[in-house]
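J.: My structure file work-v8.csv, CSV, N, CA and C atoms, is below:
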chain,number,residue,atom,x,y,z
A,1,GLU,N,37.0,-93.2,32.0
A,1,GLU,CA,36.1,-92.1,31.9
A,1,GLU,C,34.8,-92.5,31.2
A,2,ARG,N,33.7,-92.1,31.8
A,2,ARG,CA,32.4,-92.3,31.2
A,2,ARG,C,32.0,-91.1,30.4
A,3,THR,N,31.3,-91.3,29.4
A,3,THR,CA,30.9,-90.2,28.5
A,3,THR,C,29.4,-90.1,28.3
A,4,LYS,N,29.0,-88.8,28.0
A,4,LYS,CA,27.6,-88.6,27.8
A,4,LYS,C,27.4,-88.3,26.3
A,5,SER,N,28.4,-88.5,25.4
A,5,SER,CA,28.3,-88.2,24.0
A,5,SER,C,28.6,-89.4,23.1
A,6,ILE,N,28.1,-89.3,21.9
A,6,ILE,CA,28.4,-90.3,20.9
A,6,ILE,C,28.7,-89.6,19.6
A,7,ARG,N,29.4,-90.3,18.8
A,7,ARG,CA,29.7,-89.8,17.4
A,7,ARG,C,28.9,-90.7,16.5
A,8,ALA,N,28.1,-90.1,15.7
A,8,ALA,CA,27.3,-90.9,14.6
A,8,ALA,C,28.0,-90.6,13.3
A,9,GLU,N,28.3,-91.7,12.6
A,9,GLU,CA,28.9,-91.6,11.3
A,9,GLU,C,28.1,-92.2,10.2
A,10,ASN,N,28.4,-91.8,8.9
A,10,ASN,CA,27.7,-92.4,7.8
A,10,ASN,C,26.3,-91.8,7.7
A,11,LEU,N,26.1,-90.6,8.2
A,11,LEU,CA,24.8,-89.9,8.2
A,11,LEU,C,24.3,-89.6,6.7
A,12,PRO,N,23.0,-89.6,6.5
A,12,PRO,CA,22.6,-89.2,5.2
A,12,PRO,C,22.9,-87.7,5.0
A,13,ALA,N,23.2,-87.3,3.8
A,13,ALA,CA,23.6,-85.9,3.5
A,13,ALA,C,22.5,-84.9,3.8
A,14,THR,N,21.2,-85.3,3.8
A,14,THR,CA,20.1,-84.4,3.9
A,14,THR,C,19.6,-84.3,5.4
A,15,VAL,N,20.2,-85.0,6.3
A,15,VAL,CA,19.7,-85.1,7.7
A,15,VAL,C,20.0,-83.8,8.4
A,16,SER,N,19.0,-83.3,9.2
A,16,SER,CA,19.2,-82.1,10.0
A,16,SER,C,19.5,-82.3,11.4
A,17,LYS,N,20.0,-81.3,12.1
A,17,LYS,CA,20.2,-81.4,13.6
A,17,LYS,C,18.9,-81.7,14.3
A,18,ASP,N,17.8,-81.1,13.9
A,18,ASP,CA,16.5,-81.4,14.6
A,18,ASP,C,16.1,-82.9,14.4
A,19,TYR,N,16.3,-83.4,13.2
A,19,TYR,CA,15.9,-84.8,13.0
A,19,TYR,C,16.8,-85.7,13.8
A,20,ILE,N,18.1,-85.4,13.9
A,20,ILE,CA,19.0,-86.2,14.7
A,20,ILE,C,18.6,-86.2,16.2
A,21,SER,N,18.3,-85.0,16.7
A,21,SER,CA,17.9,-84.8,18.0
A,21,SER,C,16.6,-85.6,18.4
A,22,ILE,N,15.6,-85.5,17.5
A,22,ILE,CA,14.3,-86.2,17.7
A,22,ILE,C,14.5,-87.7,17.7
A,23,TYR,N,15.4,-88.1,16.7
A,23,TYR,CA,15.6,-89.6,16.6
A,23,TYR,C,16.3,-90.1,17.9
A,24,PHE,N,17.3,-89.4,18.4
A,24,PHE,CA,18.0,-90.0,19.6
A,24,PHE,C,17.3,-89.7,20.9
A,25,GLU,N,16.3,-88.8,20.9
A,25,GLU,CA,15.5,-88.7,22.1
A,25,GLU,C,14.4,-89.7,22.2
A,26,SER,N,14.2,-90.5,21.1
A,26,SER,CA,13.1,-91.5,21.1
A,26,SER,C,13.5,-92.7,21.9
A,27,PRO,N,12.7,-93.2,22.9
A,27,PRO,CA,13.0,-94.4,23.6
A,27,PRO,C,13.1,-95.6,22.7
A,28,LYS,N,12.3,-95.5,21.6
A,28,LYS,CA,12.4,-96.6,20.6
A,28,LYS,C,13.8,-96.9,20.0
A,29,HIS,N,14.6,-95.8,20.0
A,29,HIS,CA,16.0,-96.0,19.5
A,29,HIS,C,17.0,-96.0,20.7
A,30,GLY,N,16.5,-96.2,21.9
A,30,GLY,CA,17.4,-96.3,23.1
A,30,GLY,C,17.8,-95.0,23.6
A,31,GLY,N,17.2,-93.9,23.1
A,31,GLY,CA,17.6,-92.5,23.4
A,31,GLY,C,17.1,-92.0,24.7
A,32,GLY,N,17.4,-90.7,24.9
A,32,GLY,CA,17.0,-90.0,26.1
A,32,GLY,C,17.1,-88.5,25.8
A,33,CYS,N,17.0,-87.7,26.8
A,33,CYS,CA,17.1,-86.2,26.6
A,33,CYS,C,18.5,-85.8,25.9
A,34,VAL,N,18.4,-85.2,24.8
A,34,VAL,CA,19.6,-84.8,24.0
A,34,VAL,C,19.9,-83.3,24.5
A,35,SER,N,21.1,-83.1,24.9
A,35,SER,CA,21.5,-81.7,25.3
A,35,SER,C,22.1,-80.9,24.2
A,36,ASP,N,22.7,-81.6,23.2
A,36,ASP,CA,23.4,-80.9,22.2
A,36,ASP,C,23.7,-81.8,21.0
A,37,VAL,N,23.6,-81.2,19.8
A,37,VAL,CA,23.9,-81.9,18.5
A,37,VAL,C,24.9,-81.0,17.7
A,38,GLN,N,26.0,-81.5,17.4
A,38,GLN,CA,27.0,-80.8,16.5
A,38,GLN,C,27.0,-81.6,15.2
A,39,LEU,N,26.5,-81.0,14.1
A,39,LEU,CA,26.5,-81.7,12.9
A,39,LEU,C,27.6,-81.2,12.0
A,40,PHE,N,28.3,-82.2,11.4
A,40,PHE,CA,29.5,-82.0,10.5
A,40,PHE,C,29.1,-82.5,9.2
A,41,THR,N,28.4,-81.6,8.4
A,41,THR,CA,27.9,-82.1,7.1
A,41,THR,C,29.0,-82.5,6.1
A,42,GLU,N,30.2,-81.9,6.2
A,42,GLU,CA,31.2,-82.3,5.2
A,42,GLU,C,31.8,-83.7,5.5
A,43,GLU,N,31.6,-84.2,6.8
A,43,GLU,CA,32.0,-85.5,7.2
A,43,GLU,C,30.9,-86.5,7.3
A,44,ASN,N,29.7,-86.0,7.1
A,44,ASN,CA,28.5,-86.9,7.3
A,44,ASN,C,28.5,-87.5,8.6
A,45,SER,N,28.8,-86.7,9.7
A,45,SER,CA,28.8,-87.2,11.0
A,45,SER,C,28.3,-86.1,12.0
A,46,ALA,N,28.1,-86.5,13.2
A,46,ALA,CA,27.6,-85.6,14.2
A,46,ALA,C,28.0,-86.1,15.6
A,47,ILE,N,28.2,-85.2,16.5
A,47,ILE,CA,28.4,-85.5,17.9
A,47,ILE,C,27.1,-85.2,18.7
A,48,ILE,N,26.5,-86.2,19.3
A,48,ILE,CA,25.3,-86.1,20.0
A,48,ILE,C,25.6,-86.2,21.5
A,49,SER,N,25.2,-85.2,22.3
A,49,SER,CA,25.4,-85.3,23.8
A,49,SER,C,24.1,-85.5,24.5
A,50,PHE,N,24.1,-86.3,25.5
A,50,PHE,CA,22.9,-86.6,26.3
A,50,PHE,C,23.0,-86.0,27.7
A,51,ASP,N,21.9,-85.9,28.3
A,51,ASP,CA,21.9,-85.4,29.7
A,51,ASP,C,22.3,-86.5,30.7
A,52,ASN,N,22.1,-87.8,30.3
A,52,ASN,CA,22.4,-89.0,31.1
A,52,ASN,C,23.4,-89.9,30.4
A,53,GLN,N,24.4,-90.2,31.1
A,53,GLN,CA,25.4,-91.1,30.5
A,53,GLN,C,24.9,-92.6,30.3
A,54,GLU,N,23.9,-93.0,31.0
A,54,GLU,CA,23.4,-94.3,30.8
A,54,GLU,C,22.7,-94.5,29.4
A,55,VAL,N,22.2,-93.4,28.9
A,55,VAL,CA,21.6,-93.4,27.6
A,55,VAL,C,22.6,-93.8,26.5
A,56,VAL,N,23.9,-93.4,26.7
A,56,VAL,CA,24.9,-93.7,25.7
A,56,VAL,C,25.1,-95.2,25.6
A,57,ASN,N,25.1,-95.9,26.8
A,57,ASN,CA,25.3,-97.4,26.8
A,57,ASN,C,24.2,-98.0,26.0
A,58,THR,N,22.9,-97.6,26.2
A,58,THR,CA,21.8,-98.1,25.5
A,58,THR,C,21.9,-97.9,24.0
A,59,VAL,N,22.2,-96.6,23.6
A,59,VAL,CA,22.2,-96.3,22.2
A,59,VAL,C,23.3,-97.1,21.5
A,60,LEU,N,24.4,-97.3,22.1
A,60,LEU,CA,25.5,-98.1,21.5
A,60,LEU,C,25.2,-99.5,21.2
A,61,THR,N,24.2,-100.1,22.0
A,61,THR,CA,23.9,-101.5,21.8
A,61,THR,C,22.9,-101.8,20.7
A,62,MET,N,22.4,-100.7,20.1
A,62,MET,CA,21.3,-100.8,19.1
A,62,MET,C,21.8,-100.5,17.7
A,63,PRO,N,21.1,-101.1,16.7
A,63,PRO,CA,21.4,-100.7,15.3
A,63,PRO,C,20.6,-99.4,15.0
A,64,HIS,N,21.1,-98.6,14.1
A,64,HIS,CA,20.4,-97.3,13.9
A,64,HIS,C,20.3,-97.1,12.4
A,65,LEU,N,19.1,-96.7,11.9
A,65,LEU,CA,18.8,-96.3,10.6
A,65,LEU,C,18.2,-94.9,10.5
A,66,LEU,N,18.9,-94.0,9.8
A,66,LEU,CA,18.4,-92.7,9.6
A,66,LEU,C,18.0,-92.5,8.1
A,67,GLU,N,16.7,-92.2,7.8
A,67,GLU,CA,16.2,-92.0,6.5
A,67,GLU,C,16.6,-93.3,5.7
A,68,GLY,N,16.4,-94.5,6.3
A,68,GLY,CA,16.7,-95.7,5.6
A,68,GLY,C,18.1,-96.1,5.4
A,69,LYS,N,19.1,-95.3,6.0
A,69,LYS,CA,20.5,-95.6,5.8
A,69,LYS,C,21.1,-96.0,7.2
A,70,GLU,N,21.8,-97.1,7.2
A,70,GLU,CA,22.4,-97.6,8.4
A,70,GLU,C,23.6,-96.6,8.8
A,71,ILE,N,23.6,-96.2,10.1
A,71,ILE,CA,24.6,-95.4,10.6
A,71,ILE,C,25.4,-96.1,11.6
A,72,SER,N,26.6,-95.6,11.9
A,72,SER,CA,27.5,-96.2,12.9
A,72,SER,C,27.5,-95.2,14.1
A,73,VAL,N,27.5,-95.7,15.3
A,73,VAL,CA,27.6,-94.9,16.5
A,73,VAL,C,28.8,-95.4,17.4
A,74,TYR,N,29.5,-94.4,17.9
A,74,TYR,CA,30.7,-94.8,18.8
A,74,TYR,C,30.7,-93.8,20.0
A,75,PRO,N,31.2,-94.2,21.1
A,75,PRO,CA,31.4,-93.3,22.2
A,75,PRO,C,32.3,-92.2,21.8
A,76,PHE,N,32.0,-91.0,22.2
A,76,PHE,CA,32.8,-89.8,22.0
A,76,PHE,C,33.3,-89.2,23.3
A,77,TYR,N,34.6,-89.0,23.4
A,77,TYR,CA,35.2,-88.5,24.6
A,77,TYR,C,35.7,-87.1,24.4
A,78,LYS,N,35.0,-86.1,25.1
A,78,LYS,CA,35.3,-84.7,24.9
A,78,LYS,C,36.7,-84.4,25.4
A,79,SER,N,37.1,-85.1,26.5
A,79,SER,CA,38.5,-84.8,27.0
A,79,SER,C,39.6,-85.2,26.0
A,80,LEU,N,39.3,-86.2,25.2
A,80,LEU,CA,40.2,-86.6,24.1
A,80,LEU,C,39.9,-85.9,22.8
A,81,ASP,N,38.7,-85.4,22.7
A,81,ASP,CA,38.2,-84.8,21.4
A,81,ASP,C,38.3,-85.8,20.3
A,82,THR,N,37.9,-87.1,20.7
A,82,THR,CA,37.9,-88.1,19.7
A,82,THR,C,37.1,-89.3,20.1
A,83,VAL,N,36.8,-90.2,19.1
A,83,VAL,CA,36.2,-91.5,19.5
A,83,VAL,C,37.4,-92.5,19.6
A,84,LEU,N,37.2,-93.6,20.2
A,84,LEU,CA,38.2,-94.6,20.3
A,84,LEU,C,38.0,-95.8,19.4
A,85,TYR,N,36.9,-95.7,18.6
A,85,TYR,CA,36.7,-96.8,17.6
A,85,TYR,C,36.2,-96.1,16.3
A,86,GLY,N,36.2,-96.9,15.2
A,86,GLY,CA,35.7,-96.4,14.0
A,86,GLY,C,36.8,-95.7,13.1
A,87,LYS,N,36.4,-95.0,12.1
A,87,LYS,CA,37.4,-94.5,11.2
A,87,LYS,C,38.3,-93.4,11.8
A,88,GLU,N,37.8,-92.7,12.8
A,88,GLU,CA,38.5,-91.6,13.4
A,88,GLU,C,39.3,-92.0,14.6
A,89,ARG,N,39.4,-93.2,14.9
A,89,ARG,CA,40.1,-93.6,16.2
A,89,ARG,C,41.6,-93.3,16.1
A,90,PRO,N,42.2,-92.9,17.2
A,90,PRO,CA,43.6,-92.6,17.2
A,90,PRO,C,44.5,-93.8,17.0
A,91,VAL,N,45.6,-93.6,16.4
A,91,VAL,CA,46.6,-94.7,16.3
A,91,VAL,C,47.5,-94.7,17.5
A,92,ILE,N,47.5,-95.8,18.2
A,92,ILE,CA,48.3,-95.8,19.4
A,92,ILE,C,49.7,-96.5,19.1
A,93,LYS,N,50.7,-95.7,19.4
A,93,LYS,CA,52.1,-96.2,19.1
A,93,LYS,C,52.7,-96.7,20.4
A,94,ILE,N,53.2,-97.9,20.5
A,94,ILE,CA,53.9,-98.4,21.6
A,94,ILE,C,55.3,-97.8,21.7
A,95,PRO,N,55.6,-97.3,22.9
A,95,PRO,CA,56.9,-96.6,23.0
A,95,PRO,C,58.0,-97.6,22.9
A,96,GLU,N,59.2,-97.1,22.6
A,96,GLU,CA,60.4,-98.0,22.5
A,96,GLU,C,60.8,-98.4,23.9
A,97,ALA,N,61.5,-99.5,24.0
A,97,ALA,CA,62.0,-100.0,25.3
A,97,ALA,C,63.0,-99.1,25.9
A,98,VAL,N,62.9,-99.0,27.2
A,98,VAL,CA,63.9,-98.2,27.9
A,98,VAL,C,65.1,-99.1,28.3
A,99,LYS,N,66.3,-98.6,28.0
A,99,LYS,CA,67.5,-99.3,28.4
A,99,LYS,C,68.3,-98.5,29.4
A,100,LEU,N,68.5,-99.1,30.5
A,100,LEU,CA,69.3,-98.5,31.6
A,100,LEU,C,70.5,-99.4,31.9
A,101,PRO,N,71.6,-98.7,32.2
A,101,PRO,CA,72.8,-99.5,32.6
A,101,PRO,C,72.6,-100.1,34.0
A,102,LEU,N,73.1,-101.3,34.2
A,102,LEU,CA,73.0,-102.0,35.5
A,102,LEU,C,74.4,-102.0,36.2
A,103,ASN,N,74.3,-101.6,37.4
A,103,ASN,CA,75.5,-101.5,38.2
A,103,ASN,C,76.2,-102.9,38.3
A,104,LEU,N,77.5,-103.0,38.1
A,104,LEU,CA,78.3,-104.2,38.0
A,104,LEU,C,78.1,-105.1,39.3
A,105,HIS,N,78.1,-104.5,40.4
A,105,HIS,CA,77.9,-105.2,41.7
A,105,HIS,C,76.5,-105.8,41.8
A,106,ILE,N,75.5,-105.1,41.3
A,106,ILE,CA,74.2,-105.7,41.3
A,106,ILE,C,74.1,-106.9,40.4
A,107,TRP,N,74.7,-106.7,39.2
A,107,TRP,CA,74.7,-107.8,38.2
A,107,TRP,C,75.4,-109.0,38.8
A,108,GLN,N,76.5,-108.9,39.4
A,108,GLN,CA,77.2,-110.0,40.0
A,108,GLN,C,76.4,-110.7,41.1
A,109,TYR,N,75.7,-109.9,41.9
A,109,TYR,CA,74.8,-110.4,42.9
A,109,TYR,C,73.7,-111.3,42.3
A,110,LEU,N,73.1,-110.7,41.2
A,110,LEU,CA,72.0,-111.5,40.6
A,110,LEU,C,72.5,-112.8,39.9
A,111,GLN,N,73.7,-112.7,39.4
A,111,GLN,CA,74.3,-113.9,38.8
A,111,GLN,C,74.5,-115.1,39.7
A,112,ARG,N,74.6,-114.8,41.0
A,112,ARG,CA,74.8,-115.9,42.0
A,112,ARG,C,73.5,-116.8,42.2
A,113,ASP,N,72.3,-116.2,41.9
A,113,ASP,CA,71.1,-116.9,42.1
A,113,ASP,C,70.1,-116.6,40.9
A,114,LYS,N,70.0,-117.6,40.0
A,114,LYS,CA,69.2,-117.5,38.8
A,114,LYS,C,67.7,-117.2,39.1
A,115,LYS,N,67.3,-117.6,40.3
A,115,LYS,CA,65.9,-117.4,40.7
A,115,LYS,C,65.7,-115.9,40.8
A,116,LEU,N,66.6,-115.1,41.3
A,116,LEU,CA,66.5,-113.7,41.4
A,116,LEU,C,66.3,-113.0,40.0
A,117,ILE,N,67.1,-113.5,39.0
A,117,ILE,CA,66.9,-113.0,37.7
A,117,ILE,C,65.5,-113.3,37.1
A,118,GLN,N,65.1,-114.5,37.3
A,118,GLN,CA,63.7,-114.9,36.9
A,118,GLN,C,62.6,-114.1,37.6
A,119,ASP,N,62.8,-113.9,38.9
A,119,ASP,CA,61.8,-113.1,39.6
A,119,ASP,C,61.8,-111.6,39.1
A,120,ALA,N,62.9,-111.1,38.7
A,120,ALA,CA,63.0,-109.7,38.2
A,120,ALA,C,62.3,-109.7,36.8
A,121,LYS,N,62.5,-110.7,36.0
A,121,LYS,CA,61.9,-110.7,34.7
A,121,LYS,C,60.4,-110.8,34.8
A,122,ASN,N,59.9,-111.6,35.7
A,122,ASN,CA,58.5,-111.8,36.0
A,122,ASN,C,57.9,-110.5,36.5
A,123,GLU,N,58.6,-109.8,37.3
A,123,GLU,CA,58.1,-108.5,37.9
A,123,GLU,C,58.0,-107.4,36.8
A,124,ILE,N,59.0,-107.4,35.9
A,124,ILE,CA,59.0,-106.4,34.8
A,124,ILE,C,57.9,-106.8,33.8
A,125,GLY,N,57.7,-108.1,33.6
A,125,GLY,CA,56.6,-108.5,32.7
A,125,GLY,C,55.2,-108.1,33.1
A,126,ARG,N,55.0,-108.0,34.4
A,126,ARG,CA,53.7,-107.6,35.0
A,126,ARG,C,53.5,-106.1,34.9
A,127,ALA,N,54.6,-105.3,34.8
A,127,ALA,CA,54.5,-103.8,34.8
A,127,ALA,C,53.9,-103.3,33.5
Represent the structure contained in this file as structure tokens.
T.:
Amino acid sequence: ERTKSIRAENLPATVSKDYISIYFESPKHGGGCVSDVQLFTEENSAIISFDNQEVVNTVLTMPHLLEGKEISVYPFYKSLDTVLYGKERPVIKIPEAVKLPLNLHIWQYLQRDKKLIQDAKNEIGRA
């Protein structure tokens, strides 16, 4: 999924929505037309949405200073309601292995040819 939004973190406490909008609309900062700014003052963060998703790629490659303070920017995915990097990234848990019983006749057939067992292991490893 491509996104048109970023999450900016570590914002100065005094920064306003208008200042953020003007900053990220500036070509000097890799920006473009800003469609929305959601400021979360209690978290010192904001979600900035752009009209063009290509702007996000440019903004993410540049360092950013607001009021002399370095800020962090990450892609924000509205469908997930989260960023995939930074302090707010989700913790991904690997599911437990699935164990299924194997039919005795199939097991005996596989035991006749070790290559079949190895092929099955290789195929499972690719999944």
J.: So what do you get for atom CA of A:Asn57 versus atom CA of A:Cys33, distance-wise?
T.: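 Computing the Euclidean distance for atom CA of A:Asn57 and atom CA of A:Cys33 yields 13.9 Å.
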J.: Of the residues A:Ile22, A:His29, A:Ala46, A:Leu39, which is the one nearest to A:Val59, using all atoms listed in the file?
T.: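 Among A:Ile22, A:His29, A:Ala46, A:Leu39, it is A:His29 that comes nearest to A:Val59.
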J.: If we draw a sphere of 12 Å around (15.4, -94.2, 9.3), which residues have at least one atom in it when counting only C-alpha atoms? Please report them as a list in words.
T.: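 Residues close enough to count: Leu11, Pro12, Val15, Tyr19, Ile20, Ile22, Tyr23, Phe24, Lys28, His29, Pro63, His64, Leu65, Leu66, Glu67, Gly68, Lys69, Glu70 and Ile71 of chain A.
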J.: A:Ser45: which residues within 8 Å, counting only C-alpha atoms, same-chain residues fewer than 5 positions away excluded, as number ranges by chain?
T.: A: 7-11, 39-40
J.: Write to file, as a PDB file, in the frame of the given file, the residues of the selection just made, with N, CA and C atoms.
T.:
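The resulting result_35.pdb:
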ATOM      1  N   ARG A   7      29.400 -90.300  18.800  1.00  0.00           N
ATOM      2  CA  ARG A   7      29.700 -89.800  17.400  1.00  0.00           C
ATOM      3  C   ARG A   7      28.900 -90.700  16.500  1.00  0.00           C
ATOM      4  N   ALA A   8      28.100 -90.100  15.700  1.00  0.00           N
ATOM      5  CA  ALA A   8      27.300 -90.900  14.600  1.00  0.00           C
ATOM      6  C   ALA A   8      28.000 -90.600  13.300  1.00  0.00           C
ATOM      7  N   GLU A   9      28.300 -91.700  12.600  1.00  0.00           N
ATOM      8  CA  GLU A   9      28.900 -91.600  11.300  1.00  0.00           C
ATOM      9  C   GLU A   9      28.100 -92.200  10.200  1.00  0.00           C
ATOM     10  N   ASN A  10      28.400 -91.800   8.900  1.00  0.00           N
ATOM     11  CA  ASN A  10      27.700 -92.400   7.800  1.00  0.00           C
ATOM     12  C   ASN A  10      26.300 -91.800   7.700  1.00  0.00           C
ATOM     13  N   LEU A  11      26.100 -90.600   8.200  1.00  0.00           N
ATOM     14  CA  LEU A  11      24.800 -89.900   8.200  1.00  0.00           C
ATOM     15  C   LEU A  11      24.300 -89.600   6.700  1.00  0.00           C
ATOM     16  N   LEU A  39      26.500 -81.000  14.100  1.00  0.00           N
ATOM     17  CA  LEU A  39      26.500 -81.700  12.900  1.00  0.00           C
ATOM     18  C   LEU A  39      27.600 -81.200  12.000  1.00  0.00           C
ATOM     19  N   PHE A  40      28.300 -82.200  11.400  1.00  0.00           N
ATOM     20  CA  PHE A  40      29.500 -82.000  10.500  1.00  0.00           C
ATOM     21  C   PHE A  40      29.100 -82.500   9.200  1.00  0.00           C
TER      22      PHE A  40
END
J.: When you draw a straight line from atom CA of A:Ser26 to atom CA of A:Glu42, how long is it in Å?
T.: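 Spanning atom CA of A:Ser26 to atom CA of A:Glu42 is a straight-line distance of 25.8 Å.
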J.: As an exercise, work out the distance from atom CA of A:Thr41 to atom CA of A:Lys17 in Å and give it to one decimal place.
T.: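 Computing it gives 10.1 Å between the two atoms.
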J.: Within stretch 18-57 of chain A, find each residue whose DSSP state, derived from the backbone, is strand (DSSP E), and express the selection as a PyMOL selection string.
T.: chain A and resi 34-40+45-50
J.: Write out, as an mmCIF file, keeping the file's coordinate frame, the residues just selected, with N, CA and C atoms.
T.:
data_model
loop_
_atom_site.group_PDB
_atom_site.id
_atom_site.type_symbol
_atom_site.label_atom_id
_atom_site.label_comp_id
_atom_site.auth_asym_id
_atom_site.auth_seq_id
_atom_site.Cartn_x
_atom_site.Cartn_y
_atom_site.Cartn_z
ATOM 1 N N VAL A 34 18.400 -85.200 24.800
ATOM 2 C CA VAL A 34 19.600 -84.800 24.000
ATOM 3 C C VAL A 34 19.900 -83.300 24.500
ATOM 4 N N SER A 35 21.100 -83.100 24.900
ATOM 5 C CA SER A 35 21.500 -81.700 25.300
ATOM 6 C C SER A 35 22.100 -80.900 24.200
ATOM 7 N N ASP A 36 22.700 -81.600 23.200
ATOM 8 C CA ASP A 36 23.400 -80.900 22.200
ATOM 9 C C ASP A 36 23.700 -81.800 21.000
ATOM 10 N N VAL A 37 23.600 -81.200 19.800
ATOM 11 C CA VAL A 37 23.900 -81.900 18.500
ATOM 12 C C VAL A 37 24.900 -81.000 17.700
ATOM 13 N N GLN A 38 26.000 -81.500 17.400
ATOM 14 C CA GLN A 38 27.000 -80.800 16.500
ATOM 15 C C GLN A 38 27.000 -81.600 15.200
ATOM 16 N N LEU A 39 26.500 -81.000 14.100
ATOM 17 C CA LEU A 39 26.500 -81.700 12.900
ATOM 18 C C LEU A 39 27.600 -81.200 12.000
ATOM 19 N N PHE A 40 28.300 -82.200 11.400
ATOM 20 C CA PHE A 40 29.500 -82.000 10.500
ATOM 21 C C PHE A 40 29.100 -82.500 9.200
ATOM 22 N N SER A 45 28.800 -86.700 9.700
ATOM 23 C CA SER A 45 28.800 -87.200 11.000
ATOM 24 C C SER A 45 28.300 -86.100 12.000
ATOM 25 N N ALA A 46 28.100 -86.500 13.200
ATOM 26 C CA ALA A 46 27.600 -85.600 14.200
ATOM 27 C C ALA A 46 28.000 -86.100 15.600
ATOM 28 N N ILE A 47 28.200 -85.200 16.500
ATOM 29 C CA ILE A 47 28.400 -85.500 17.900
ATOM 30 C C ILE A 47 27.100 -85.200 18.700
ATOM 31 N N ILE A 48 26.500 -86.200 19.300
ATOM 32 C CA ILE A 48 25.300 -86.100 20.000
ATOM 33 C C ILE A 48 25.600 -86.200 21.500
ATOM 34 N N SER A 49 25.200 -85.200 22.300
ATOM 35 C CA SER A 49 25.400 -85.300 23.800
ATOM 36 C C SER A 49 24.100 -85.500 24.500
ATOM 37 N N PHE A 50 24.100 -86.300 25.500
ATOM 38 C CA PHE A 50 22.900 -86.600 26.300
ATOM 39 C C PHE A 50 23.000 -86.000 27.700
#
J.: Have a look at A:Leu116, A:Ile6, A:Leu102, A:Ala97 and name the one nearest to A:Ser49; count only C-alpha atoms.
T.: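 Using only C-alpha atoms, A:Ser49 sits closest to A:Ile6.
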J.: Taking only N, CA and C atoms into account, name the residue in A:Ile48, A:Ile117, A:Ala13, A:Thr3 that is nearest to A:Tyr77.
T.: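 Distance minimum relative to A:Tyr77 lands on A:Thr3.
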